[in-house]
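Participant: Got data.txt for you, compact mmCIF, C-alpha atoms:
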# COMPACT_ATOMS: atom_id res chain seq x y z
CA MET A 1 -66.09 163.54 -85.36
CA GLU A 2 -65.68 164.00 -81.64
CA ILE A 3 -62.91 166.53 -82.28
CA LYS A 4 -65.29 168.54 -84.48
CA ILE A 5 -67.96 168.49 -81.78
CA MET A 6 -65.44 169.57 -79.17
CA LYS A 7 -64.29 172.43 -81.44
CA ASN A 8 -67.91 173.53 -81.83
CA ILE A 9 -68.47 173.54 -78.06
CA LEU A 10 -65.21 175.41 -77.45
CA ASP A 11 -66.00 177.99 -80.17
CA LYS A 12 -69.39 178.75 -78.62
CA ASN A 13 -67.78 178.98 -75.21
CA GLN A 14 -65.13 181.35 -76.57
CA ASN A 15 -67.69 183.70 -78.12
CA LYS A 16 -69.57 184.04 -74.85
CA ALA A 17 -66.29 184.38 -72.92
CA ASP A 18 -65.32 187.31 -75.17
CA GLU A 19 -68.67 188.97 -74.35
CA VAL A 20 -68.15 188.46 -70.62
CA ARG A 21 -64.62 189.83 -70.82
CA ALA A 22 -65.76 192.95 -72.67
CA LEU A 23 -68.52 193.58 -70.13
CA LEU A 24 -66.19 193.18 -67.16
CA LYS A 25 -63.57 195.41 -68.75
CA ASN A 26 -66.18 198.07 -69.32
CA LYS A 27 -67.26 197.80 -65.68
CA LYS A 28 -63.61 197.71 -64.51
CA VAL A 29 -64.14 194.43 -62.69
CA VAL A 30 -61.24 191.97 -62.44
CA MET A 31 -62.40 188.35 -62.64
CA VAL A 32 -60.03 185.72 -61.24
CA ASN A 33 -60.64 182.11 -62.31
CA ILE A 34 -59.19 179.93 -59.53
CA ILE A 35 -58.36 176.38 -60.61
CA SER A 36 -56.96 173.45 -58.62
CA SER A 37 -57.39 169.78 -57.78
CA PRO A 38 -60.10 168.92 -55.26
CA GLY A 39 -59.00 169.91 -51.77
CA ALA A 40 -55.94 171.98 -52.68
CA GLY A 41 -57.24 174.88 -50.61
CA LYS A 42 -59.18 177.24 -52.91
CA THR A 43 -61.91 177.94 -50.37
CA THR A 44 -59.46 178.48 -47.50
CA LEU A 45 -57.56 180.90 -49.76
CA LEU A 46 -60.81 182.77 -50.37
CA GLU A 47 -61.63 182.82 -46.65
CA ARG A 48 -58.23 184.39 -45.95
CA THR A 49 -58.41 186.79 -48.88
CA CYS A 50 -61.93 187.98 -48.11
CA GLY A 51 -61.02 188.38 -44.43
CA GLU A 52 -58.06 190.60 -45.32
CA MET A 53 -59.20 192.53 -48.37
CA THR A 54 -62.87 193.44 -47.96
CA ASP A 55 -61.98 196.82 -46.46
CA LYS A 56 -59.71 197.62 -49.44
CA LEU A 57 -61.58 196.12 -52.40
CA LYS A 58 -65.21 195.37 -53.19
CA LEU A 59 -65.18 191.62 -53.65
CA GLY A 60 -67.64 189.08 -54.99
CA VAL A 61 -67.46 185.30 -55.37
CA ILE A 62 -68.90 182.74 -57.78
CA GLU A 63 -68.71 179.24 -56.29
CA GLY A 64 -68.62 176.42 -58.85
CA ASP A 65 -69.46 173.01 -57.43
CA ILE A 66 -70.94 169.81 -58.78
CA THR A 67 -73.41 169.73 -55.92
CA THR A 68 -73.87 171.29 -52.44
CA ASP A 69 -73.26 174.89 -51.36
CA ARG A 70 -70.71 173.97 -48.68
CA ASP A 71 -67.98 176.28 -49.97
CA ALA A 72 -70.38 179.23 -50.20
CA GLN A 73 -71.53 178.58 -46.62
CA ARG A 74 -67.93 178.95 -45.47
CA LEU A 75 -67.76 182.43 -47.06
CA LYS A 76 -71.09 183.79 -45.85
CA LYS A 77 -69.53 185.47 -42.82
CA TYR A 78 -67.72 188.02 -45.00
CA ASN A 79 -70.96 189.69 -46.13
CA ILE A 80 -69.99 189.83 -49.78
CA PRO A 81 -72.16 188.88 -52.76
CA ILE A 82 -71.82 185.13 -53.46
CA VAL A 83 -73.51 183.08 -56.17
CA VAL A 84 -73.35 179.28 -56.33
CA ILE A 85 -73.34 177.45 -59.67
CA ASN A 86 -74.05 173.73 -59.26
CA THR A 87 -72.90 171.95 -62.40
CA GLU A 88 -74.93 168.79 -61.54
CA GLY A 89 -72.14 166.44 -62.60
CA GLY A 90 -70.36 168.82 -64.98
CA CYS A 91 -66.59 168.85 -64.52
CA HIS A 92 -65.98 172.57 -65.14
CA LEU A 93 -67.69 175.95 -65.35
CA ASP A 94 -68.24 177.52 -68.76
CA SER A 95 -68.73 181.08 -69.98
CA HIS A 96 -72.49 180.63 -70.46
CA SER A 97 -73.05 179.76 -66.80
CA ILE A 98 -70.89 182.73 -65.76
CA SER A 99 -72.72 185.08 -68.10
CA LYS A 100 -76.08 184.01 -66.65
CA VAL A 101 -75.12 184.72 -63.03
CA LEU A 102 -73.34 188.04 -63.65
CA GLY A 103 -76.74 189.73 -63.54
CA SER A 104 -76.95 188.80 -59.85
CA PHE A 105 -74.05 191.15 -59.08
CA ASP A 106 -74.02 194.95 -59.08
CA LEU A 107 -70.97 195.22 -61.33
CA ASP A 108 -70.74 198.99 -60.74
CA ASP A 109 -70.15 198.22 -57.09
CA LEU A 110 -67.53 195.52 -57.58
CA ASP A 111 -63.72 195.60 -57.99
CA MET A 112 -62.81 191.94 -58.07
CA LEU A 113 -64.83 188.80 -58.70
CA PHE A 114 -63.30 185.50 -57.65
CA VAL A 115 -64.54 182.39 -59.43
CA GLU A 116 -63.83 179.18 -57.56
CA ASN A 117 -63.98 176.64 -60.36
CA VAL A 118 -64.94 172.98 -59.89
CA GLY A 119 -62.10 171.02 -58.24
CA ASN A 120 -60.34 169.60 -61.28
CA LEU A 121 -56.86 170.22 -62.64
CA ILE A 122 -57.78 169.46 -66.25
CA CYS A 123 -61.13 170.48 -67.77
CA PRO A 124 -61.48 173.97 -66.20
CA SER A 125 -58.25 175.08 -67.87
CA GLN A 126 -59.76 174.33 -71.30
CA PHE A 127 -62.80 176.61 -70.89
CA ASP A 128 -62.31 180.38 -71.01
CA LEU A 129 -64.85 182.01 -68.70
CA GLY A 130 -64.03 185.55 -69.79
CA GLU A 131 -61.79 185.92 -66.75
CA THR A 132 -59.11 188.58 -66.47
CA PHE A 133 -56.69 185.80 -65.58
CA LYS A 134 -56.46 182.24 -64.28
CA LEU A 135 -54.84 181.37 -60.98
CA ALA A 136 -53.34 177.92 -60.38
CA VAL A 137 -53.48 176.57 -56.84
CA VAL A 138 -51.57 173.38 -56.05
CA SER A 139 -50.69 171.88 -52.68
CA THR A 140 -47.50 170.23 -51.43
CA THR A 141 -49.37 167.07 -50.44
CA GLU A 142 -50.31 166.42 -54.09
CA GLY A 143 -46.66 165.83 -54.96
CA ASP A 144 -44.08 167.85 -56.89
CA ASP A 145 -44.94 166.36 -60.31
CA LYS A 146 -48.18 168.23 -61.00
CA PRO A 147 -46.82 170.90 -63.42
CA ALA A 148 -45.16 168.20 -65.55
CA LYS A 149 -48.20 165.91 -65.54
CA TYR A 150 -50.90 168.60 -65.94
CA PRO A 151 -49.12 171.30 -67.94
CA MET A 152 -52.12 173.15 -69.48
CA LEU A 153 -53.12 175.05 -66.38
CA PHE A 154 -49.55 176.03 -65.50
CA ARG A 155 -49.02 177.31 -69.03
CA GLU A 156 -52.10 179.56 -68.88
CA ALA A 157 -52.15 180.85 -65.31
CA ARG A 158 -50.92 184.30 -64.34
CA ALA A 159 -49.56 183.00 -61.02
CA VAL A 160 -49.08 179.73 -59.13
CA LEU A 161 -49.93 179.38 -55.45
CA LEU A 162 -48.18 176.45 -53.78
CA ASN A 163 -50.37 175.85 -50.75
CA LYS A 164 -49.98 173.66 -47.62
CA ILE A 165 -46.33 174.64 -47.27
CA ASP A 166 -46.79 173.83 -43.55
CA LEU A 167 -47.14 170.14 -44.47
CA LEU A 168 -43.92 170.10 -46.53
CA PRO A 169 -41.82 168.48 -43.76
CA TYR A 170 -44.15 165.48 -43.69
CA THR A 171 -44.07 164.78 -47.44
CA ASN A 172 -41.48 163.80 -50.05
CA PHE A 173 -42.25 166.96 -52.05
CA ASN A 174 -39.07 168.13 -53.80
CA PHE A 175 -39.32 171.89 -54.24
CA GLU A 176 -36.39 172.17 -56.68
CA SER A 177 -37.92 169.54 -58.92
CA PHE A 178 -41.30 171.30 -58.77
CA ARG A 179 -39.73 174.65 -59.66
CA ALA A 180 -37.66 173.15 -62.49
CA ASP A 181 -40.75 171.55 -64.09
CA LEU A 182 -42.70 174.78 -63.70
CA SER A 183 -39.88 176.80 -65.27
CA ASN A 184 -39.87 174.51 -68.29
CA ILE A 185 -43.56 175.21 -68.85
CA ASN A 186 -43.82 178.86 -67.85
CA PRO A 187 -40.43 180.39 -67.01
CA LYS A 188 -41.56 183.77 -65.68
CA ILE A 189 -44.70 182.85 -63.75
CA PRO A 190 -44.83 184.24 -60.19
CA LEU A 191 -44.84 181.49 -57.56
CA PHE A 192 -46.14 182.03 -54.03
CA LYS A 193 -45.45 179.58 -51.22
CA LEU A 194 -48.42 179.70 -48.85
CA SER A 195 -50.07 178.03 -45.95
CA CYS A 196 -53.65 179.27 -46.00
CA THR A 197 -54.32 177.52 -42.69
CA ARG A 198 -51.17 178.70 -40.80
CA GLY A 199 -50.75 181.99 -42.64
CA ASP A 200 -47.30 181.65 -44.26
CA GLY A 201 -46.72 183.85 -47.30
CA LEU A 202 -50.12 185.55 -47.25
CA ASP A 203 -48.82 189.13 -47.06
CA GLU A 204 -47.01 188.74 -50.40
CA TRP A 205 -50.17 187.22 -51.87
CA TYR A 206 -52.41 190.07 -50.62
CA LYS A 207 -49.96 192.60 -52.08
CA TRP A 208 -49.85 190.85 -55.45
CA ILE A 209 -53.61 190.28 -55.81
CA GLY A 210 -54.27 193.89 -54.77
CA ASP A 211 -51.90 195.03 -57.52
CA GLN A 212 -53.95 193.14 -60.13
CA ASN A 213 -56.91 195.46 -59.61
CA LEU A 214 -57.91 197.45 -62.71
CA LYS A 215 -58.83 200.61 -60.81
CA PRO A 216 -55.46 202.30 -60.12
CA ASN A 217 -56.86 204.60 -57.42
CA LEU A 218 -57.90 201.57 -55.42
CA ILE A 219 -54.60 199.72 -55.42
CA PRO A 220 -53.97 199.31 -51.68
CA ASN A 221 -50.35 200.52 -51.65
CA GLN A 222 -51.38 203.78 -53.36
CA LEU A 223 -54.12 204.69 -50.89
CA MET B 1 -78.05 169.41 -78.24
CA GLU B 2 -74.97 168.97 -76.08
CA ILE B 3 -76.86 166.48 -73.93
CA LYS B 4 -77.66 164.42 -77.04
CA ILE B 5 -74.01 164.47 -78.12
CA MET B 6 -72.91 163.42 -74.64
CA LYS B 7 -75.45 160.57 -74.70
CA ASN B 8 -74.08 159.43 -78.04
CA ILE B 9 -70.49 159.45 -76.76
CA LEU B 10 -71.48 157.59 -73.59
CA ASP B 11 -73.50 154.99 -75.53
CA LYS B 12 -70.55 154.23 -77.80
CA ASN B 13 -68.29 154.03 -74.76
CA GLN B 14 -70.73 151.65 -73.05
CA ASN B 15 -70.87 149.28 -76.02
CA LYS B 16 -67.11 148.96 -76.13
CA ALA B 17 -66.93 148.64 -72.34
CA ASP B 18 -69.36 145.70 -72.50
CA GLU B 19 -67.06 144.03 -75.06
CA VAL B 20 -64.02 144.58 -72.86
CA ARG B 21 -65.85 143.21 -69.82
CA ALA B 22 -66.92 140.07 -71.67
CA LEU B 23 -63.38 139.45 -72.92
CA LEU B 24 -61.86 139.89 -69.46
CA LYS B 25 -64.48 137.67 -67.86
CA ASN B 26 -63.74 134.99 -70.42
CA LYS B 27 -60.02 135.28 -69.65
CA LYS B 28 -60.70 135.41 -65.88
CA VAL B 29 -58.85 138.70 -65.54
CA VAL B 30 -60.02 141.16 -62.88
CA MET B 31 -59.67 144.78 -64.03
CA VAL B 32 -59.56 147.42 -61.29
CA ASN B 33 -60.23 151.02 -62.37
CA ILE B 34 -58.46 153.23 -59.81
CA ILE B 35 -59.83 156.77 -59.61
CA SER B 36 -58.74 159.73 -57.47
CA SER B 37 -57.82 163.39 -57.49
CA PRO B 38 -54.32 164.27 -58.71
CA GLY B 39 -51.77 163.31 -56.08
CA ALA B 40 -53.99 161.24 -53.78
CA GLY B 41 -51.53 158.36 -53.93
CA LYS B 42 -52.64 155.98 -56.71
CA THR B 43 -49.11 155.28 -57.92
CA THR B 44 -47.73 154.79 -54.41
CA LEU B 45 -50.60 152.36 -53.76
CA LEU B 46 -49.61 150.46 -56.90
CA GLU B 47 -45.93 150.44 -55.88
CA ARG B 48 -46.91 148.90 -52.53
CA THR B 49 -49.40 146.46 -54.06
CA CYS B 50 -47.04 145.27 -56.80
CA GLY B 51 -44.23 144.91 -54.26
CA GLU B 52 -46.39 142.69 -52.05
CA MET B 53 -48.56 140.74 -54.47
CA THR B 54 -46.45 139.81 -57.52
CA ASP B 55 -45.54 136.46 -55.99
CA LYS B 56 -49.22 135.63 -55.38
CA LEU B 57 -50.98 137.09 -58.44
CA LYS B 58 -49.96 137.82 -62.01
CA LEU B 59 -50.40 141.56 -62.24
CA GLY B 60 -50.45 144.09 -65.07
CA VAL B 61 -50.88 147.86 -65.13
CA ILE B 62 -52.34 150.40 -67.55
CA GLU B 63 -51.15 153.90 -66.70
CA GLY B 64 -53.45 156.71 -67.84
CA ASP B 65 -51.83 160.11 -67.96
CA ILE B 66 -52.35 163.29 -69.91
CA THR B 67 -48.66 163.40 -70.76
CA THR B 68 -45.36 161.86 -69.51
CA ASP B 69 -44.66 158.27 -68.44
CA ARG B 70 -43.51 159.22 -64.94
CA ASP B 71 -45.91 156.92 -63.10
CA ALA B 72 -44.98 153.96 -65.30
CA GLN B 73 -41.29 154.64 -64.65
CA ARG B 74 -41.95 154.29 -60.92
CA LEU B 75 -43.43 150.80 -61.49
CA LYS B 76 -40.76 149.43 -63.86
CA LYS B 77 -38.82 147.79 -61.04
CA TYR B 78 -41.59 145.22 -60.44
CA ASN B 79 -41.06 143.53 -63.81
CA ILE B 80 -44.73 143.37 -64.67
CA PRO B 81 -46.34 144.29 -68.00
CA ILE B 82 -47.15 148.03 -68.06
CA VAL B 83 -48.75 150.04 -70.86
CA VAL B 84 -48.99 153.85 -70.82
CA ILE B 85 -51.96 155.64 -72.39
CA ASN B 86 -51.30 159.35 -72.86
CA THR B 87 -54.61 161.13 -73.33
CA GLU B 88 -52.92 164.29 -74.74
CA GLY B 89 -55.17 166.63 -72.80
CA GLY B 90 -58.09 164.24 -72.31
CA CYS B 91 -59.45 164.23 -68.77
CA HIS B 92 -60.27 160.51 -68.48
CA LEU B 93 -59.63 157.12 -70.07
CA ASP B 94 -62.38 155.52 -72.16
CA SER B 95 -63.22 151.96 -73.14
CA HIS B 96 -61.87 152.39 -76.68
CA SER B 97 -58.39 153.28 -75.47
CA ILE B 98 -58.46 150.33 -73.03
CA SER B 99 -59.66 147.96 -75.75
CA LYS B 100 -56.81 149.03 -78.03
CA VAL B 101 -54.06 148.33 -75.49
CA LEU B 102 -55.43 145.03 -74.16
CA GLY B 103 -53.72 143.32 -77.10
CA SER B 104 -50.37 144.27 -75.56
CA PHE B 105 -51.05 141.95 -72.60
CA ASP B 106 -51.04 138.15 -72.56
CA LEU B 107 -54.45 137.88 -70.92
CA ASP B 108 -54.03 134.12 -70.41
CA ASP B 109 -51.07 134.90 -68.18
CA LEU B 110 -52.76 137.63 -66.10
CA ASP B 111 -54.90 137.57 -62.95
CA MET B 112 -55.41 141.21 -62.22
CA LEU B 113 -55.04 144.35 -64.33
CA PHE B 114 -54.85 147.67 -62.51
CA VAL B 115 -55.86 150.76 -64.46
CA GLU B 116 -54.54 153.98 -62.98
CA ASN B 117 -56.96 156.49 -64.46
CA VAL B 118 -56.11 160.16 -65.11
CA GLY B 119 -55.99 162.12 -61.84
CA ASN B 120 -59.52 163.54 -61.74
CA LEU B 121 -62.35 162.92 -59.28
CA ILE B 122 -65.11 163.66 -61.80
CA CYS B 123 -64.88 162.60 -65.47
CA PRO B 124 -63.31 159.12 -65.00
CA SER B 125 -66.29 158.01 -62.93
CA GLN B 126 -68.61 158.74 -65.88
CA PHE B 127 -66.83 156.45 -68.36
CA ASP B 128 -67.14 152.68 -67.94
CA LEU B 129 -63.90 151.05 -69.09
CA GLY B 130 -65.24 147.51 -68.86
CA GLU B 131 -63.60 147.17 -65.45
CA THR B 132 -64.61 144.53 -62.93
CA PHE B 133 -64.96 147.32 -60.40
CA LYS B 134 -63.94 150.89 -59.62
CA LEU B 135 -61.80 151.80 -56.64
CA ALA B 136 -61.99 155.27 -55.06
CA VAL B 137 -58.79 156.65 -53.53
CA VAL B 138 -59.01 159.84 -51.50
CA SER B 139 -56.45 161.39 -49.17
CA THR B 140 -56.86 163.05 -45.77
CA THR B 141 -55.12 166.21 -46.98
CA GLU B 142 -57.90 166.84 -49.53
CA GLY B 143 -60.38 167.43 -46.70
CA ASP B 144 -63.29 165.41 -45.34
CA ASP B 145 -65.91 166.88 -47.71
CA LYS B 146 -64.99 164.98 -50.88
CA PRO B 147 -67.75 162.31 -50.80
CA ALA B 148 -70.43 164.99 -50.34
CA LYS B 149 -68.99 167.25 -53.04
CA TYR B 150 -68.07 164.56 -55.60
CA PRO B 151 -70.66 161.83 -54.95
CA MET B 152 -70.61 159.97 -58.30
CA LEU B 153 -67.38 158.09 -57.71
CA PHE B 154 -68.28 157.13 -54.13
CA ARG B 155 -71.66 155.83 -55.31
CA GLU B 156 -70.06 153.58 -57.94
CA ALA B 157 -66.88 152.31 -56.29
CA ARG B 158 -66.59 148.86 -54.71
CA ALA B 159 -64.30 150.20 -51.98
CA VAL B 160 -62.86 153.48 -50.69
CA LEU B 161 -59.22 153.87 -49.72
CA LEU B 162 -58.59 156.81 -47.41
CA ASN B 163 -54.87 157.41 -47.93
CA LYS B 164 -52.32 159.64 -46.14
CA ILE B 165 -53.70 158.68 -42.75
CA ASP B 166 -50.20 159.52 -41.40
CA LEU B 167 -50.89 163.21 -42.18
CA LEU B 168 -54.21 163.25 -40.32
CA PRO B 169 -52.76 164.89 -37.15
CA TYR B 170 -51.62 167.89 -39.23
CA THR B 171 -54.98 168.56 -40.91
CA ASN B 172 -58.49 169.52 -39.85
CA PHE B 173 -59.89 166.34 -41.44
CA ASN B 174 -62.92 165.17 -39.45
CA PHE B 175 -63.18 161.41 -39.84
CA GLU B 176 -66.70 161.13 -38.40
CA SER B 177 -67.98 163.74 -40.82
CA PHE B 178 -66.24 161.94 -43.72
CA ARG B 179 -67.75 158.61 -42.74
CA ALA B 180 -71.22 160.09 -42.25
CA ASP B 181 -71.19 161.67 -45.74
CA LEU B 182 -69.92 158.42 -47.25
CA SER B 183 -72.62 156.40 -45.48
CA ASN B 184 -75.30 158.69 -46.91
CA ILE B 185 -74.07 157.96 -50.43
CA ASN B 186 -73.04 154.31 -50.15
CA PRO B 187 -73.89 152.81 -46.75
CA LYS B 188 -72.15 149.42 -47.09
CA ILE B 189 -68.99 150.36 -48.98
CA PRO B 190 -65.78 149.00 -47.40
CA LEU B 191 -63.46 151.76 -46.20
CA PHE B 192 -59.72 151.24 -45.68
CA LYS B 193 -57.58 153.73 -43.78
CA LEU B 194 -54.10 153.61 -45.29
CA SER B 195 -50.77 155.29 -45.40
CA CYS B 196 -49.14 154.05 -48.57
CA THR B 197 -45.90 155.80 -47.62
CA ARG B 198 -45.69 154.65 -43.95
CA GLY B 199 -47.51 151.34 -44.41
CA ASP B 200 -50.56 151.70 -42.12
CA GLY B 201 -53.51 149.47 -43.02
CA LEU B 202 -51.86 147.76 -45.98
CA ASP B 203 -52.28 144.18 -44.71
CA GLU B 204 -56.08 144.57 -44.68
CA TRP B 205 -55.91 146.05 -48.17
CA TYR B 206 -53.74 143.20 -49.55
CA LYS B 207 -56.15 140.66 -48.06
CA TRP B 208 -59.19 142.40 -49.55
CA ILE B 209 -57.75 142.95 -53.04
CA GLY B 210 -56.50 139.34 -53.12
CA ASP B 211 -60.04 138.19 -52.31
CA GLN B 212 -61.39 140.05 -55.35
CA ASN B 213 -59.53 137.72 -57.70
CA LEU B 214 -61.79 135.72 -60.03
CA LYS B 215 -59.66 132.56 -59.89
CA PRO B 216 -60.65 130.94 -56.57
CA ASN B 217 -57.63 128.63 -56.48
CA LEU B 218 -55.35 131.67 -56.46
CA ILE B 219 -56.93 133.54 -53.58
CA PRO B 220 -53.96 133.97 -51.24
CA ASN B 221 -55.65 132.77 -48.07
CA GLN B 222 -56.71 129.53 -49.77
CA LEU B 223 -53.25 128.59 -51.03
Please express the file's structure as C-alpha cells.
Facilitator:
Amino acid sequence: MEIKIMKNILDKNQNKADEVRALLKNKKVVMVNIISSPGAGKTTLLERTCGEMTDKLKLGVIEGDITTDRDAQRLKKYNIPIVVINTEGGCHLDSHSISKVLGSFDLDDLDMLFVENVGNLICPSQFDLGETFKLAVVSTTEGDDKPAKYPMLFREARAVLLNKIDLLPYTNFNFESFRADLSNINPKIPLFKLSCTRGDGLDEWYKWIGDQNLKPNLIPNQL
Amino acid sequence: MEIKIMKNILDKNQNKADEVRALLKNKKVVMVNIISSPGAGKTTLLERTCGEMTDKLKLGVIEGDITTDRDAQRLKKYNIPIVVINTEGGCHLDSHSISKVLGSFDLDDLDMLFVENVGNLICPSQFDLGETFKLAVVSTTEGDDKPAKYPMLFREARAVLLNKIDLLPYTNFNFESFRADLSNINPKIPLFKLSCTRGDGLDEWYKWIGDQNLKPNLIPNQL
C-alpha cells in the first residue's frame, strides 16, 4: 500500500523531472543538484565557487531549505540570481518545486544553475529534479563510514567532494577506509579533497566544474 | 492528495506509537529516541554511555540504519541486548518497526532502551516511536545555524547535546548565536556541551540521563 503510494509520487516526480531536463538541455543550462548532510559545507562551497567563477560562467542558485533564507543571504554579495524554496518541513526538493521557480530565471542568460538541496543524505537522492548531475558533498568530521552507510547518493553522484580536509588531523577519519567503501559503490567516481574554508583543493574543483559546462566555447580552459 | 496520504501514514504511526508507549510505561522501561545528522556522534555517545552506565542501569539498544550493522558492531563489546533495524533506504524509523523488535528484548529485565535513529535531522523528528523522550545530538562542525534551519527536532527534544566541543577552536561555530537560536525555539531545554571522543562534559550527561530513569530506586545518586 505505502509502496504503491511511494511509486505514484516518484512517477509523478520523474515525469516533471524529465520535462525540466529537456527544457534545460534546450537552453544549454547545466543544473547541479548538490546533496549532503546538514553542515557539510554546501553553502561555503557555493560561496567559493561563485567568488571564483562568476567572471567565467553565468551562474544562478536555487536554495532549498526547510525554513529561513540564511544560506541565500550568504550568497547575495555575488550579484547572481538566487531563488529560495522553503519546504516548510519537507525533507527534500522535488521536480515540481524546481519547475515552478525556473520561470524566475532568464535561462537564455544562464550557463550553470546550482541547486543546494535540503541538508539530508537520504531523501534528496531519491528525487530526480531534472538535474544534469548530482554532486555528493561529505565532510571529514562526519566520519569515514558515510558511503557504506548511505550508499544511494554515492552511487548516483557524478563526483564526490570530501570537505573539511583541514580538520582531518583532529578526527579519526580513515581516508583509505573511506576510499575503499566508495570504490565498492562507485569505482570510477572522481573524488576531490577540499577545504572550502582554508582553500585546499579548490583549483582542481574549479577546473572540473568548469569542464562540466554544456557550452564548449565557454569552457574556461578553452577561452 | 499527498497531504492526505501523509496524514494517514502519520495517524497509523501515532496509533502504534501510543501502544508502544503504554507497553513501555507498564514495564517501566525508558525509551530514548536519539536523533542527529549523519556523523554527529550518536554511536560514540552510546559507546561512552554503555561503558559508564551498564553497572548502574540495565541498558538495551535498537540501531536504526539504512544498511549495514556497523554501529551495532561497535557496541557489541558492552554485552547488552542490541537489535539492528535496516530500513533499506527508508529515511527514519517508525513505530511499527520498533513494535516488531520489542519482542526481542526481555522488557522485565531492562531499565533504559536507546534507539539510535537513522542519521537525518528532519524525517525522524516527524515520526513518534512511542519513546519516553527524544534527544537531539548536534556537533560543532555542522555549524551554529542548525536549530534555526531545522527547528522541529529542537522544539520536540527533551535535551540537546552539542558534541565535538573539542573541535570548536578549529571552526567558526558561534556558541552565543547557537544558544540564542535554540532559546527562541525551546527556551528551557537543557544543553550539554560534550566531546564524546575526548570526554568533556560526560559526567553531567551521565548524571542527567541516569535521572531520567523511571525506576526511582535505581537512580544512581539515590543508591
Participant: Tell me which residues come within 9 Å of (-62.7, 164.7, -69.4), as a PyMOL selection string, counting all atoms listed in the file in the file's coordinates.
Facilitator: (chain A and resi 91+122-123) or (chain B and resi 89-93+120+122-124)
Participant: Could you work out how far CA of Ser97 (chain B) lies from CA of Thr67 (chain B), giving the answer in Å with one decimal?
Facilitator: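 Atom-to-atom, CA of Thr67 (chain B) and CA of Ser97 (chain B) are spaced 14.8 Å apart.
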Participant: List as JSON lines every residue of chain B that is in contact with chain A, defined as an atom at most 9 Å from one of its atoms (using all atoms listed in the file), together with the nearest atom pair and the distance in Å rounded to one decimal, sorted by chain and then rising number.
Facilitator:
{"residue": "B:Glu2", "atom": "CA", "partner": "A:Ile9", "partner_atom": "CA", "distance": 8.2}
{"residue": "B:Ile5", "atom": "CA", "partner": "A:Ile5", "partner_atom": "CA", "distance": 8.1}
{"residue": "B:Ile9", "atom": "CA", "partner": "A:Glu2", "partner_atom": "CA", "distance": 8.2}
{"residue": "B:Ser37", "atom": "CA", "partner": "A:Pro38", "partner_atom": "CA", "distance": 6.4}
{"residue": "B:Pro38", "atom": "CA", "partner": "A:Ser37", "partner_atom": "CA", "distance": 6.4}
{"residue": "B:Gly39", "atom": "CA", "partner": "A:Glu142", "partner_atom": "CA", "distance": 4.0}
{"residue": "B:Ala40", "atom": "CA", "partner": "A:Glu142", "partner_atom": "CA", "distance": 6.4}
{"residue": "B:Gly41", "atom": "CA", "partner": "A:Glu142", "partner_atom": "CA", "distance": 8.2}
{"residue": "B:Asp65", "atom": "CA", "partner": "A:Lys149", "partner_atom": "CA", "distance": 7.3}
{"residue": "B:Ile66", "atom": "CA", "partner": "A:Lys149", "partner_atom": "CA", "distance": 6.6}
{"residue": "B:Thr67", "atom": "CA", "partner": "A:Lys149", "partner_atom": "CA", "distance": 5.8}
{"residue": "B:Thr68", "atom": "CA", "partner": "A:Lys149", "partner_atom": "CA", "distance": 6.3}
{"residue": "B:Asp69", "atom": "CA", "partner": "A:Lys149", "partner_atom": "CA", "distance": 8.9}
{"residue": "B:Arg70", "atom": "CA", "partner": "A:Lys149", "partner_atom": "CA", "distance": 8.2}
{"residue": "B:Gly89", "atom": "CA", "partner": "A:Ile122", "partner_atom": "CA", "distance": 7.6}
{"residue": "B:Gly90", "atom": "CA", "partner": "A:Ile122", "partner_atom": "CA", "distance": 8.0}
{"residue": "B:Cys91", "atom": "CA", "partner": "A:Ile122", "partner_atom": "CA", "distance": 6.0}
{"residue": "B:Gly119", "atom": "CA", "partner": "A:Leu121", "partner_atom": "CA", "distance": 8.2}
{"residue": "B:Asn120", "atom": "CA", "partner": "A:Asn120", "partner_atom": "CA", "distance": 6.1}
{"residue": "B:Leu121", "atom": "CA", "partner": "A:Asn120", "partner_atom": "CA", "distance": 7.3}
{"residue": "B:Ile122", "atom": "CA", "partner": "A:Cys91", "partner_atom": "CA", "distance": 6.0}
{"residue": "B:Cys123", "atom": "CA", "partner": "A:Cys91", "partner_atom": "CA", "distance": 6.5}
{"residue": "B:Thr141", "atom": "CA", "partner": "A:Thr141", "partner_atom": "CA", "distance": 6.8}
{"residue": "B:Glu142", "atom": "CA", "partner": "A:Gly39", "partner_atom": "CA", "distance": 4.0}
{"residue": "B:Gly143", "atom": "CA", "partner": "A:Gly39", "partner_atom": "CA", "distance": 5.8}
{"residue": "B:Asp144", "atom": "CA", "partner": "A:Gly39", "partner_atom": "CA", "distance": 8.9}
{"residue": "B:Asp145", "atom": "CA", "partner": "A:Gly39", "partner_atom": "CA", "distance": 8.6}
{"residue": "B:Lys146", "atom": "CA", "partner": "A:Pro38", "partner_atom": "CA", "distance": 7.7}
{"residue": "B:Ala148", "atom": "CA", "partner": "A:Thr68", "partner_atom": "CA", "distance": 7.5}
{"residue": "B:Lys149", "atom": "CA", "partner": "A:Thr67", "partner_atom": "CA", "distance": 5.8}
{"residue": "B:Tyr150", "atom": "CA", "partner": "A:Ile66", "partner_atom": "CA", "distance": 6.8}
{"residue": "B:Pro151", "atom": "CA", "partner": "A:Thr67", "partner_atom": "CA", "distance": 8.4}
{"residue": "B:Met152", "atom": "CA", "partner": "A:Gly89", "partner_atom": "CA", "distance": 7.9}
{"residue": "B:Asp166", "atom": "CA", "partner": "A:Tyr170", "partner_atom": "CA", "distance": 8.8}
{"residue": "B:Leu167", "atom": "CA", "partner": "A:Tyr170", "partner_atom": "CA", "distance": 7.3}
{"residue": "B:Tyr170", "atom": "CA", "partner": "A:Leu167", "partner_atom": "CA", "distance": 7.3}
{"residue": "B:Thr171", "atom": "CA", "partner": "A:Leu167", "partner_atom": "CA", "distance": 8.8}
Participant: Pick out the residues sitting within 9 Å of Tyr78 (chain A), and hand them over as number ranges by chain; count all atoms listed in the file, and ignore anything fewer than 5 positions along from it in its own chain.
Facilitator: A: 47, 50-51, 54
Participant: Using all atoms listed in the file, which protein or nucleic acid residues come within 7 Å of Val160 (chain B)? Drop anything in the same chain fewer than 4 positions from it, and give the result as a short mmCIF file (atom, residue, chain, number, x, y, z; two decimals) with C-alpha atoms, keeping the file's coordinate frame.
Facilitator:
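Dumped everything to out.cif:
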data_model
loop_
_atom_site.label_atom_id
_atom_site.label_comp_id
_atom_site.auth_asym_id
_atom_site.auth_seq_id
_atom_site.Cartn_x
_atom_site.Cartn_y
_atom_site.Cartn_z
CA LEU B 135 -61.80 151.80 -56.64
CA ALA B 136 -61.99 155.27 -55.06
CA VAL B 137 -58.79 156.65 -53.53
CA PRO B 190 -65.78 149.00 -47.40
CA LEU B 191 -63.46 151.76 -46.20
CA PHE B 192 -59.72 151.24 -45.68
#
